[in-house]
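Chemist: Take a look at data_0.tsv, TSV, C-alpha atoms and all ligand atoms:
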chain	number	residue	atom	x	y	z
A	1	MET	CA	79.06	-3.74	-32.29
A	2	THR	CA	75.29	-3.71	-32.48
A	3	ARG	CA	73.64	-0.83	-30.73
A	4	LEU	CA	70.31	-1.47	-29.13
A	5	VAL	CA	68.02	1.39	-30.04
A	6	LEU	CA	64.86	1.58	-28.01
A	7	ARG	CA	61.98	3.63	-29.26
A	8	PRO	CA	60.26	5.95	-26.72
A	9	THR	CA	57.04	3.87	-26.76
A	10	VAL	CA	58.98	0.70	-25.89
A	11	LEU	CA	60.75	2.57	-23.08
A	12	LEU	CA	57.40	3.71	-21.70
A	13	ALA	CA	56.03	0.14	-21.82
A	14	ILE	CA	59.09	-1.16	-19.94
A	15	ALA	CA	58.74	1.58	-17.33
A	16	LEU	CA	55.04	0.75	-16.79
A	17	LEU	CA	55.86	-2.96	-16.49
A	18	CYS	CA	58.52	-2.24	-13.85
A	19	LEU	CA	56.10	-0.05	-11.90
A	20	HIS	CA	53.46	-2.76	-12.06
A	21	LEU	CA	55.92	-5.40	-10.82
A	22	ALA	CA	57.05	-3.08	-8.05
A	23	GLY	CA	53.51	-3.04	-6.68
A	24	PRO	CA	51.19	-0.15	-5.90
A	25	SER	CA	52.80	3.19	-6.39
A	26	PRO	CA	51.74	6.60	-5.15
A	27	LEU	CA	51.58	7.59	-8.82
A	28	PHE	CA	48.69	5.21	-9.59
A	29	ALA	CA	47.02	4.71	-6.23
A	30	GLN	CA	43.44	5.97	-5.69
A	31	PRO	CA	43.30	8.92	-3.30
A	32	ALA	CA	43.10	7.40	0.15
A	33	ALA	CA	39.69	7.67	1.85
A	34	PRO	CA	39.93	10.11	4.74
A	35	ALA	CA	40.30	8.18	7.98
A	36	ALA	CA	36.95	8.12	9.80
A	37	GLN	CA	37.06	10.83	12.43
A	38	PRO	CA	35.01	10.11	15.52
A	39	VAL	CA	32.25	12.73	15.75
A	40	PRO	CA	32.38	14.43	19.16
A	41	ALA	CA	29.30	13.18	21.02
A	42	ALA	CA	28.18	16.71	21.90
A	43	SER	CA	27.85	17.67	18.24
A	44	LEU	CA	25.67	14.69	17.32
A	45	PRO	CA	21.97	15.40	16.75
A	46	ARG	CA	19.73	14.51	19.68
A	47	VAL	CA	16.89	12.08	19.05
A	48	HIS	CA	14.17	11.35	21.59
A	49	PHE	CA	12.82	7.82	21.57
A	50	VAL	CA	9.27	7.18	22.83
A	51	ALA	CA	8.31	3.51	23.24
A	52	THR	CA	4.65	2.44	23.14
A	53	GLY	CA	5.05	-1.34	22.88
A	54	GLY	CA	4.18	-3.73	20.06
A	55	THR	CA	5.92	-6.80	18.67
A	56	ILE	CA	9.24	-4.94	18.65
A	57	SER	CA	9.24	-5.17	22.44
A	58	ASN	CA	7.13	-8.30	22.91
A	59	ARG	CA	9.81	-10.71	24.20
A	60	ASP	CA	8.75	-14.09	25.60
A	61	GLY	CA	8.84	-13.88	29.37
A	62	GLY	CA	8.53	-10.11	29.58
A	63	ARG	CA	8.40	-7.07	27.33
A	64	LEU	CA	11.50	-5.08	26.50
A	65	THR	CA	11.48	-1.58	27.95
A	66	ALA	CA	12.47	1.60	26.14
A	67	GLU	CA	15.89	1.35	27.84
A	68	ASP	CA	16.32	-2.27	26.70
A	69	LEU	CA	15.46	-1.30	23.13
A	70	ALA	CA	17.85	1.65	23.19
A	71	LYS	CA	20.63	-0.66	24.34
A	72	SER	CA	19.83	-3.19	21.60
A	73	MET	CA	21.19	-0.93	18.82
A	74	PRO	CA	24.94	-1.34	18.43
A	75	GLY	CA	26.59	1.79	17.09
A	76	VAL	CA	23.66	4.12	17.65
A	77	ASP	CA	26.07	6.61	19.25
A	78	ARG	CA	27.67	7.13	15.84
A	79	TYR	CA	24.45	8.79	14.66
A	80	ALA	CA	22.69	10.44	17.57
A	81	ARG	CA	22.55	11.23	21.24
A	82	LEU	CA	19.53	9.28	22.41
A	83	THR	CA	17.11	10.11	25.20
A	84	VAL	CA	14.39	7.58	26.00
A	85	GLU	CA	10.88	7.50	27.38
A	86	GLN	CA	8.42	4.70	28.09
A	87	PHE	CA	4.99	6.04	27.08
A	88	ALA	CA	3.19	2.65	27.09
A	89	ASN	CA	4.07	-1.00	26.55
A	90	VAL	CA	1.03	-2.55	24.86
A	91	ALA	CA	-0.06	-3.93	21.48
A	92	SER	CA	-0.86	-1.18	18.98
A	93	SER	CA	-4.57	-2.03	18.95
A	94	GLU	CA	-4.67	-1.56	22.74
A	95	LEU	CA	-3.63	2.09	22.58
A	96	THR	CA	-6.65	4.24	23.40
A	97	LEU	CA	-7.70	7.42	21.63
A	98	LYS	CA	-6.92	9.26	24.86
A	99	GLN	CA	-3.37	7.89	24.61
A	100	TRP	CA	-3.19	9.12	21.01
A	101	LEU	CA	-4.08	12.60	22.25
A	102	GLY	CA	-1.49	12.29	25.03
A	103	LEU	CA	1.20	11.12	22.64
A	104	ALA	CA	0.61	13.94	20.14
A	105	LYS	CA	0.56	16.51	22.97
A	106	ARG	CA	3.75	15.08	24.44
A	107	ILE	CA	5.61	15.32	21.12
A	108	ASN	CA	4.32	18.85	20.47
A	109	ASP	CA	5.47	19.85	23.98
A	110	LEU	CA	8.90	18.31	23.43
A	111	TYR	CA	9.33	20.25	20.19
A	112	ALA	CA	8.06	23.46	21.76
A	113	THR	CA	10.47	23.30	24.71
A	114	GLU	CA	13.52	21.41	23.43
A	115	LYS	CA	15.02	23.39	20.61
A	116	ASP	CA	18.11	21.18	20.47
A	117	LEU	CA	16.01	18.13	19.61
A	118	ALA	CA	16.52	16.90	16.02
A	119	GLY	CA	13.74	14.34	15.83
A	120	VAL	CA	11.46	11.91	17.62
A	121	VAL	CA	11.19	8.15	17.10
A	122	VAL	CA	8.10	6.29	18.28
A	123	THR	CA	7.88	2.51	18.44
A	124	SER	CA	4.49	0.92	17.85
A	125	GLY	CA	2.98	-2.45	17.15
A	126	THR	CA	2.44	-2.89	13.45
A	127	ASP	CA	-1.24	-3.90	13.35
A	128	THR	CA	-2.67	-0.40	13.64
A	129	LEU	CA	0.63	1.48	13.26
A	130	GLU	CA	-0.60	3.24	10.11
A	131	GLU	CA	-3.48	4.83	12.07
A	132	THR	CA	-1.28	6.06	14.93
A	133	ALA	CA	1.32	7.35	12.48
A	134	PHE	CA	-1.31	9.22	10.44
A	135	PHE	CA	-2.73	10.74	13.63
A	136	LEU	CA	0.74	12.05	14.53
A	137	HIS	CA	1.22	13.18	10.91
A	138	LEU	CA	-1.86	15.38	11.26
A	139	THR	CA	-1.24	16.71	14.75
A	140	VAL	CA	2.48	17.34	15.30
A	141	LYS	CA	3.06	20.92	14.19
A	142	ASP	CA	6.78	21.25	13.76
A	143	PRO	CA	9.19	20.87	10.85
A	144	ARG	CA	11.11	18.18	12.73
A	145	PRO	CA	10.21	14.58	12.01
A	146	VAL	CA	8.25	11.96	13.90
A	147	VAL	CA	9.46	8.56	12.78
A	148	VAL	CA	7.30	5.55	13.63
A	149	VAL	CA	9.03	2.17	13.78
A	150	GLY	CA	7.93	-1.39	14.52
A	151	SER	CA	8.92	-4.93	13.71
A	152	MET	CA	7.24	-8.02	12.35
A	153	ARG	CA	9.27	-10.52	14.37
A	154	ASN	CA	9.45	-10.40	18.12
A	155	PRO	CA	12.70	-10.31	20.12
A	156	SER	CA	12.48	-14.04	20.91
A	157	THR	CA	12.35	-15.00	17.23
A	158	LEU	CA	15.31	-15.88	15.02
A	159	GLY	CA	15.69	-13.03	12.54
A	160	TYR	CA	14.23	-10.36	14.85
A	161	GLU	CA	14.57	-7.15	12.87
A	162	GLY	CA	13.45	-4.72	15.57
A	163	ALA	CA	16.86	-3.37	16.59
A	164	ALA	CA	17.81	-2.79	12.93
A	165	ASN	CA	14.51	-1.00	12.22
A	166	LEU	CA	14.90	1.13	15.34
A	167	LEU	CA	18.44	2.12	14.43
A	168	GLU	CA	17.24	3.07	10.94
A	169	GLY	CA	14.43	5.09	12.51
A	170	VAL	CA	16.96	6.97	14.66
A	171	ARG	CA	19.12	7.68	11.61
A	172	VAL	CA	16.11	9.10	9.75
A	173	ALA	CA	15.02	11.18	12.75
A	174	ALA	CA	18.54	12.61	13.04
A	175	ASP	CA	18.72	13.54	9.36
A	176	PRO	CA	17.83	17.14	8.42
A	177	ALA	CA	16.47	15.85	5.08
A	178	ALA	CA	13.61	14.22	7.02
A	179	ARG	CA	12.16	17.60	8.01
A	180	ASN	CA	8.87	18.84	6.59
A	181	LYS	CA	7.80	15.45	5.32
A	182	GLY	CA	5.14	14.78	7.94
A	183	ALA	CA	5.32	11.60	10.00
A	184	LEU	CA	7.41	8.83	8.50
A	185	VAL	CA	7.18	5.07	8.88
A	186	VAL	CA	10.50	3.22	8.80
A	187	LEU	CA	10.74	-0.58	8.60
A	188	ASN	CA	12.69	-2.96	6.42
A	189	ASP	CA	15.12	-0.26	5.14
A	190	GLU	CA	12.24	1.75	3.63
A	191	ILE	CA	10.81	5.15	4.46
A	192	ASN	CA	7.11	5.61	3.77
A	193	SER	CA	4.84	8.57	4.38
A	194	ALA	CA	2.38	8.02	7.24
A	195	ARG	CA	-0.26	9.47	4.89
A	196	ASN	CA	0.04	6.78	2.26
A	197	VAL	CA	1.42	3.72	3.99
A	198	THR	CA	-0.64	0.68	4.82
A	199	LYS	CA	0.05	-2.77	6.20
A	200	THR	CA	-0.41	-5.13	3.27
A	201	ASP	CA	0.59	-8.51	4.70
A	202	ALA	CA	-0.20	-10.07	8.06
A	203	LEU	CA	3.24	-11.67	8.48
A	204	ARG	CA	5.88	-10.74	5.92
A	205	LEU	CA	8.68	-8.28	6.64
A	206	GLN	CA	7.96	-6.16	3.56
A	207	THR	CA	4.41	-5.53	4.69
A	208	PHE	CA	4.39	-1.69	4.77
A	209	ARG	CA	3.60	-0.32	1.32
A	210	SER	CA	2.45	3.03	0.02
A	211	ARG	CA	0.09	1.59	-2.55
A	212	GLU	CA	0.68	3.05	-6.03
A	213	TYR	CA	2.53	6.08	-4.63
A	214	GLY	CA	5.70	4.26	-3.64
A	215	GLN	CA	8.14	4.81	-0.83
A	216	LEU	CA	9.61	8.25	-0.02
A	217	GLY	CA	13.12	6.94	0.46
A	218	VAL	CA	15.44	4.27	1.80
A	219	VAL	CA	17.90	3.84	4.64
A	220	ASP	CA	21.09	2.47	3.16
A	221	ARG	CA	24.42	1.49	4.69
A	222	ASP	CA	26.03	4.81	3.80
A	223	ARG	CA	23.17	7.28	4.17
A	224	VAL	CA	19.47	8.08	4.27
A	225	VAL	CA	18.15	8.84	0.78
A	226	PHE	CA	14.85	10.52	-0.10
A	227	PHE	CA	13.47	10.13	-3.62
A	228	SER	CA	10.16	11.96	-3.36
A	229	GLN	CA	7.98	14.26	-1.33
A	230	ILE	CA	4.28	14.28	-0.54
A	231	THR	CA	2.40	17.38	-1.64
A	232	GLN	CA	-0.42	17.57	0.94
A	233	ARG	CA	-0.37	19.77	4.07
A	234	THR	CA	2.03	18.59	6.78
A	235	ASN	CA	4.11	19.83	9.73
A	236	GLU	CA	3.59	23.51	10.55
A	237	ARG	CA	0.85	23.68	7.88
A	238	VAL	CA	-1.46	21.27	9.72
A	239	GLU	CA	-4.45	23.04	11.26
A	240	PHE	CA	-5.55	20.68	14.02
A	241	ASP	CA	-4.96	22.07	17.47
A	242	LEU	CA	-5.24	19.52	20.24
A	243	SER	CA	-4.44	21.87	23.10
A	244	LYS	CA	-8.11	22.09	24.12
A	245	VAL	CA	-9.27	18.69	22.87
A	246	THR	CA	-9.85	16.17	25.66
A	247	GLU	CA	-11.81	13.61	23.66
A	248	LEU	CA	-12.07	12.72	20.00
A	249	PRO	CA	-15.57	12.50	18.51
A	250	ARG	CA	-16.77	8.99	17.78
A	251	VAL	CA	-16.41	8.00	14.13
A	252	ASP	CA	-17.13	4.46	12.95
A	253	VAL	CA	-16.20	2.59	9.79
A	254	ILE	CA	-18.86	0.49	8.08
A	255	MET	CA	-18.04	-1.83	5.24
A	256	VAL	CA	-20.14	-2.24	2.11
A	257	TYR	CA	-20.66	-5.87	1.14
A	258	GLN	CA	-23.29	-7.75	-0.79
A	259	GLY	CA	-26.70	-7.46	0.87
A	260	ALA	CA	-25.34	-5.41	3.80
A	261	PRO	CA	-27.95	-4.36	6.39
A	262	GLY	CA	-28.59	-0.65	6.95
A	263	ASP	CA	-29.35	-1.21	10.62
A	264	LEU	CA	-25.62	-1.25	11.45
A	265	ILE	CA	-25.48	2.36	10.27
A	266	LYS	CA	-28.52	3.17	12.43
A	267	ALA	CA	-26.88	1.43	15.39
A	268	ALA	CA	-23.72	3.53	14.99
A	269	VAL	CA	-25.80	6.71	14.85
A	270	ASP	CA	-27.86	5.71	17.90
A	271	SER	CA	-24.64	4.84	19.77
A	272	GLY	CA	-23.36	8.38	19.39
A	273	ALA	CA	-21.28	8.41	16.19
A	274	LYS	CA	-20.75	11.95	14.94
A	275	GLY	CA	-19.42	10.63	11.67
A	276	ILE	CA	-19.34	7.38	9.71
A	277	VAL	CA	-16.86	6.33	7.07
A	278	MET	CA	-18.46	4.09	4.49
A	279	ALA	CA	-15.92	1.69	3.01
A	280	VAL	CA	-17.77	1.78	-0.29
A	281	ALA	CA	-17.51	-0.73	-3.10
A	282	GLY	CA	-15.64	0.66	-6.11
A	283	ALA	CA	-16.20	4.38	-6.55
A	284	GLY	CA	-19.22	4.68	-4.23
A	285	ALA	CA	-21.65	1.75	-4.30
A	286	THR	CA	-23.54	0.64	-1.21
A	287	SER	CA	-25.56	-2.57	-0.98
A	288	GLY	CA	-28.56	-4.17	0.68
A	289	THR	CA	-30.50	-1.71	2.82
A	290	GLN	CA	-27.57	0.61	3.54
A	291	GLN	CA	-29.24	3.52	1.73
A	292	GLU	CA	-31.95	3.45	4.40
A	293	GLY	CA	-29.29	3.62	7.08
A	294	LEU	CA	-27.61	6.53	5.32
A	295	ALA	CA	-30.91	8.43	5.08
A	296	TYR	CA	-31.32	7.92	8.85
A	297	ALA	CA	-27.78	9.20	9.48
A	298	ALA	CA	-28.44	12.33	7.40
A	299	GLU	CA	-31.70	12.94	9.25
A	300	LYS	CA	-29.74	12.88	12.52
A	301	GLY	CA	-26.99	15.16	11.18
A	302	VAL	CA	-24.24	12.54	11.10
A	303	PHE	CA	-21.53	13.10	8.48
A	304	ILE	CA	-20.82	10.32	6.01
A	305	VAL	CA	-17.41	10.08	4.34
A	306	ASN	CA	-17.14	7.77	1.35
A	307	SER	CA	-13.82	5.98	1.03
A	308	THR	CA	-13.21	3.07	-1.28
A	309	ARG	CA	-12.67	-0.42	0.07
A	310	ALA	CA	-10.75	-1.21	-3.15
A	311	GLY	CA	-7.37	-0.53	-1.52
A	312	SER	CA	-6.47	2.35	-3.78
A	313	GLY	CA	-8.17	4.98	-5.91
A	314	ARG	CA	-9.85	8.27	-5.23
A	315	ILE	CA	-13.43	9.22	-4.46
A	316	ALA	CA	-13.85	12.67	-5.99
A	317	PRO	CA	-16.15	15.35	-4.54
A	318	PRO	CA	-19.24	15.95	-6.68
A	319	ARG	CA	-18.78	18.66	-9.33
A	320	GLY	CA	-20.23	21.94	-8.13
A	321	ASP	CA	-22.54	22.47	-11.10
A	322	VAL	CA	-24.14	19.02	-11.21
A	323	PRO	CA	-25.54	18.93	-7.67
A	324	ALA	CA	-26.80	22.52	-7.99
A	325	ALA	CA	-28.88	21.56	-11.04
A	326	ALA	CA	-29.89	18.21	-9.60
A	327	MET	CA	-30.79	19.80	-6.27
A	328	ALA	CA	-33.54	21.88	-7.90
A	329	ASN	CA	-35.70	18.76	-8.17
A	330	ALA	CA	-34.31	16.96	-5.14
A	331	THR	CA	-36.45	15.90	-2.23
A	332	GLU	CA	-35.72	17.22	1.24
A	333	ALA	CA	-34.18	13.84	2.16
A	334	GLN	CA	-31.85	13.98	-0.86
A	335	ARG	CA	-30.79	17.51	-0.01
A	336	ARG	CA	-30.00	16.43	3.50
A	337	ARG	CA	-28.00	13.46	2.27
A	338	ARG	CA	-25.96	15.83	0.13
A	339	GLN	CA	-25.49	18.20	3.05
A	340	PHE	CA	-23.87	15.50	5.18
A	341	SER	CA	-21.92	13.58	2.57
A	342	VAL	CA	-18.19	14.04	1.99
A	343	ALA	CA	-15.84	12.45	-0.55
A	344	GLY	CA	-12.93	10.68	1.15
A	345	GLU	CA	-10.48	11.42	-1.67
A	346	ASP	CA	-7.74	8.75	-1.78
A	347	HIS	CA	-7.68	7.92	1.93
A	348	THR	CA	-8.27	4.33	2.97
A	349	PRO	CA	-11.27	3.88	5.28
A	350	VAL	CA	-9.19	3.73	8.49
A	351	LYS	CA	-7.18	6.82	7.53
A	352	ALA	CA	-10.38	8.64	6.51
A	353	ARG	CA	-11.72	7.89	9.98
A	354	VAL	CA	-8.67	9.51	11.63
A	355	LEU	CA	-9.03	12.61	9.44
A	356	LEU	CA	-12.79	12.86	10.03
A	357	MET	CA	-12.31	12.67	13.82
A	358	LEU	CA	-9.86	15.56	13.62
A	359	ALA	CA	-11.99	17.54	11.16
A	360	LEU	CA	-14.94	17.27	13.56
A	361	THR	CA	-12.85	18.83	16.35
A	362	ARG	CA	-12.78	21.97	14.19
A	363	THR	CA	-15.99	22.25	12.25
A	364	ASN	CA	-19.50	20.99	11.55
A	365	ASP	CA	-19.63	22.58	8.13
A	366	ARG	CA	-19.77	20.04	5.33
A	367	ASN	CA	-17.85	22.21	2.85
A	368	GLU	CA	-15.10	22.75	5.39
A	369	ILE	CA	-14.85	19.01	6.02
A	370	GLN	CA	-14.63	18.44	2.27
A	371	ARG	CA	-11.90	21.07	2.02
A	372	ILE	CA	-9.98	19.28	4.77
A	373	PHE	CA	-10.24	15.98	2.90
A	374	SER	CA	-8.98	17.66	-0.24
A	375	GLU	CA	-5.97	19.30	1.48
A	376	TYR	CA	-4.55	16.50	3.66
B	401	LIG	N1	0.69	-7.49	16.70
B	401	LIG	C1	1.28	-6.56	17.60
B	401	LIG	C2	0.81	-5.13	17.38
B	401	LIG	O1	0.50	-4.67	16.34
B	401	LIG	C3	1.00	-6.91	19.00
B	401	LIG	C4	1.97	-7.74	19.68
B	401	LIG	C5	2.08	-7.31	21.12
B	401	LIG	O2	2.81	-6.35	21.34
B	401	LIG	O3	1.43	-7.87	21.98
B	401	LIG	O4	0.78	-4.39	18.29
Can I see the file as structure tokens?
Ligand code: DGL
Modeler:
Amino acid sequence: MTRLVLRPTVLLAIALLCLHLAGPSPLFAQPAAPAAQPVPAASLPRVHFVATGGTISNRDGGRLTAEDLAKSMPGVDRYARLTVEQFANVASSELTLKQWLGLAKRINDLYATEKDLAGVVVTSGTDTLEETAFFLHLTVKDPRPVVVVGSMRNPSTLGYEGAANLLEGVRVAADPAARNKGALVVLNDEINSARNVTKTDALRLQTFRSREYGQLGVVDRDRVVFFSQITQRTNERVEFDLSKVTELPRVDVIMVYQGAPGDLIKAAVDSGAKGIVMAVAGAGATSGTQQEGLAYAAEKGVFIVNSTRAGSGRIAPPRGDVPAAAMANATEAQRRRRQFSVAGEDHTPVKARVLLMLALTRTNDRNEIQRIFSEY
């Protein structure tokens, strides 16, 4: 009689084959994912939503209210307890500077009095969103985030992305990782710093870009992820105190272009501008008769901030030693020009204007204004 002798390796192979044929076994199965436990509502972070209007609410036949927008986000109650407030319901470019002051004061008050609040979300139209967001970035003094959200398609359009953007904004505002990053702009799954972001396309969804600096993070299906941090002063380190400010000083932006007339600068000065941002060509060029206008501004004690119109790049303050030497032979007019001229660093002209308005609520000292531009 022949005896069948099976080697141990063959036995192991047969055993594995049987297990495979028998289907999934506890021996080989992946550890089961823990069943999703509903988070008790009371322990969810609270997010306050302030609506100001914009395309996100601009439905044909009547604008969506803050309540309507809050209801448009399915599943929001998995992430946060939401409270809502209608601050305004207008296009972003219709918000007044007084409303900016009111909005910043309102958010500062909320943070001062509501310690259980995790974050604030503000909806805005996208056209001037970057200016409003930067204003809040510079004026809300609390570690908790202000997240500004908008949409490019209105609620009556196929592919409206407003509810998705708003939900992502709420998720960011509820996330402790969003603290101490200044104001954040959330659209199209991306988180950008209000300091660096700018609208780069009139129509496309991926319009908000942080120039060469890149986004701070993303909002993904599973979680909010931050990749980087900005290094300038934000949150509790901002120095602008709006509690006694009832009006922002007038600051205008004037573009440099070939053969530009200096009389526009004179007109701004004569109309009461306390500061002018020159959107200079390249690293500082003016054109036409603009130098005459700038001399007039200096004579009248109006500050000039130079900010490049190139879209990115930095205007550096003059080196301390060079002007000192050059000033020895300078005329009185040149000295005065120097005394009222500030380098805008890497801020775009519209952002430089926001910063100059705030700087002028604190000081009329040129070196202080330059310091502010270098620190924010
Ligand atoms: N383009 C929109 C904005 O930036 C305005 C649309 C509207 O709300 O009327 O605000």
Chemist: Could you tell me how far CA of Arg335 (chain A) lies from CA of Arg366 (chain A), in Å and to one decimal?
Modeler: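 Straight-line distance from CA of Arg335 (chain A) to CA of Arg366 (chain A) works out to 12.5 Å.
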Chemist: So which one's closest to Lys274 (chain A), A:Pro249, A:Gly150, A:Pro145, A:Gly102? Using all atoms listed in the file, please.
Modeler: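 The answer is A:Pro249, which sits nearest to Lys274 (chain A).
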Chemist: Tell me, counting all atoms listed in the file, for each residue of chain A within 9 Å of ligand LIG 401 (chain B), which pair of atoms is nearest and how far apart they are in Å to one decimal, in rows ordered by chain and increasing number, as CSV.
Modeler:
residue,atom,partner,partner_atom,distance
A:Gly53,CA,B:LIG401,O2,5.7
A:Gly54,CA,B:LIG401,O2,3.2
A:Thr55,CA,B:LIG401,O2,4.1
A:Ile56,CA,B:LIG401,O2,7.1
A:Ser57,CA,B:LIG401,O2,6.6
A:Asn58,CA,B:LIG401,O2,5.0
A:Arg59,CA,B:LIG401,O2,8.7
A:Arg63,CA,B:LIG401,O2,8.2
A:Asn89,CA,B:LIG401,O2,7.6
A:Val90,CA,B:LIG401,O2,5.5
A:Ala91,CA,B:LIG401,O4,3.3
A:Ser92,CA,B:LIG401,O4,3.7
A:Ser93,CA,B:LIG401,O4,5.9
A:Glu94,CA,B:LIG401,O4,7.6
A:Leu95,CA,B:LIG401,O4,8.9
A:Ser124,CA,B:LIG401,O4,6.5
A:Gly125,CA,B:LIG401,O4,3.1
A:Thr126,CA,B:LIG401,O1,3.9
A:Asp127,CA,B:LIG401,O1,3.5
A:Thr128,CA,B:LIG401,O1,6.0
A:Leu129,CA,B:LIG401,O1,6.9
A:Gly150,CA,B:LIG401,O1,8.3
A:Ser151,CA,B:LIG401,C1,8.7
A:Met152,CA,B:LIG401,N1,7.9
A:Asn154,CA,B:LIG401,C4,8.1
Chemist: So that I can check the surroundings of region 348-365 of chain A, please list as a VMD selection string every protein, DNA and RNA residue that reaches within 9 Å of it, counting all atoms listed in the file and ignoring chain neighbours fewer than 4 positions away.
Modeler: chain A and resid 130 to 132 134 to 135 138 to 139 195 to 196 198 239 to 242 245 248 to 255 274 to 280 303 305 to 313 339 to 340 344 369 to 370 372 to 373 376
Chemist: Between CA of Ala174 (chain A) and CA of Tyr160 (chain A), what is the distance, to one decimal in Å?
Modeler: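 A separation of 23.4 Å between them.
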Chemist: What does the distance from CA of Asp175 (chain A) to CA of Ser243 (chain A) come to in Å, to one decimal?
Modeler: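 These two atoms are separated by 28.2 Å.
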Chemist: May I ask which of the residues A:Val50, A:Lys181, A:Trp100, A:Ala80 is the closest one to Thr123 (chain A), counting only C-alpha atoms?
Modeler: A:Val50
Chemist: Using all atoms listed in the file, pick whichever of A:Val149, A:Ala298, A:Ala316, A:Ile107 has the shortest atom-to-atom distance to Gln334 (chain A).
Modeler: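 Ranked by minimum distance to Gln334 (chain A), first place goes to A:Ala298.
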Chemist: Residues within 10 Å of Ala178 (chain A), please, as a ChimeraX atom specification. Count all atoms listed in the file; anything in the same chain fewer than 2 positions from it doesn't count.
Modeler: /A:118-119,143-147,171-176,180-184,191,217,224-226
Chemist: Nearest to His137 (chain A): which of A:Ala297, A:Val218, A:Leu69, A:Val238 is it, counting all atoms listed in the file?
Modeler: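 Among A:Ala297, A:Val218, A:Leu69, A:Val238, it is A:Val238 that comes nearest to His137 (chain A).
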Chemist: So, with all atoms listed in the file as the atoms that count, which of A:Val121, A:Pro74, A:Pro155, A:Val140 lies closest to Gly61 (chain A)?
Modeler: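 Between A:Val121, A:Pro74, A:Pro155, A:Val140, the residue approaching Gly61 (chain A) most closely is A:Pro155.
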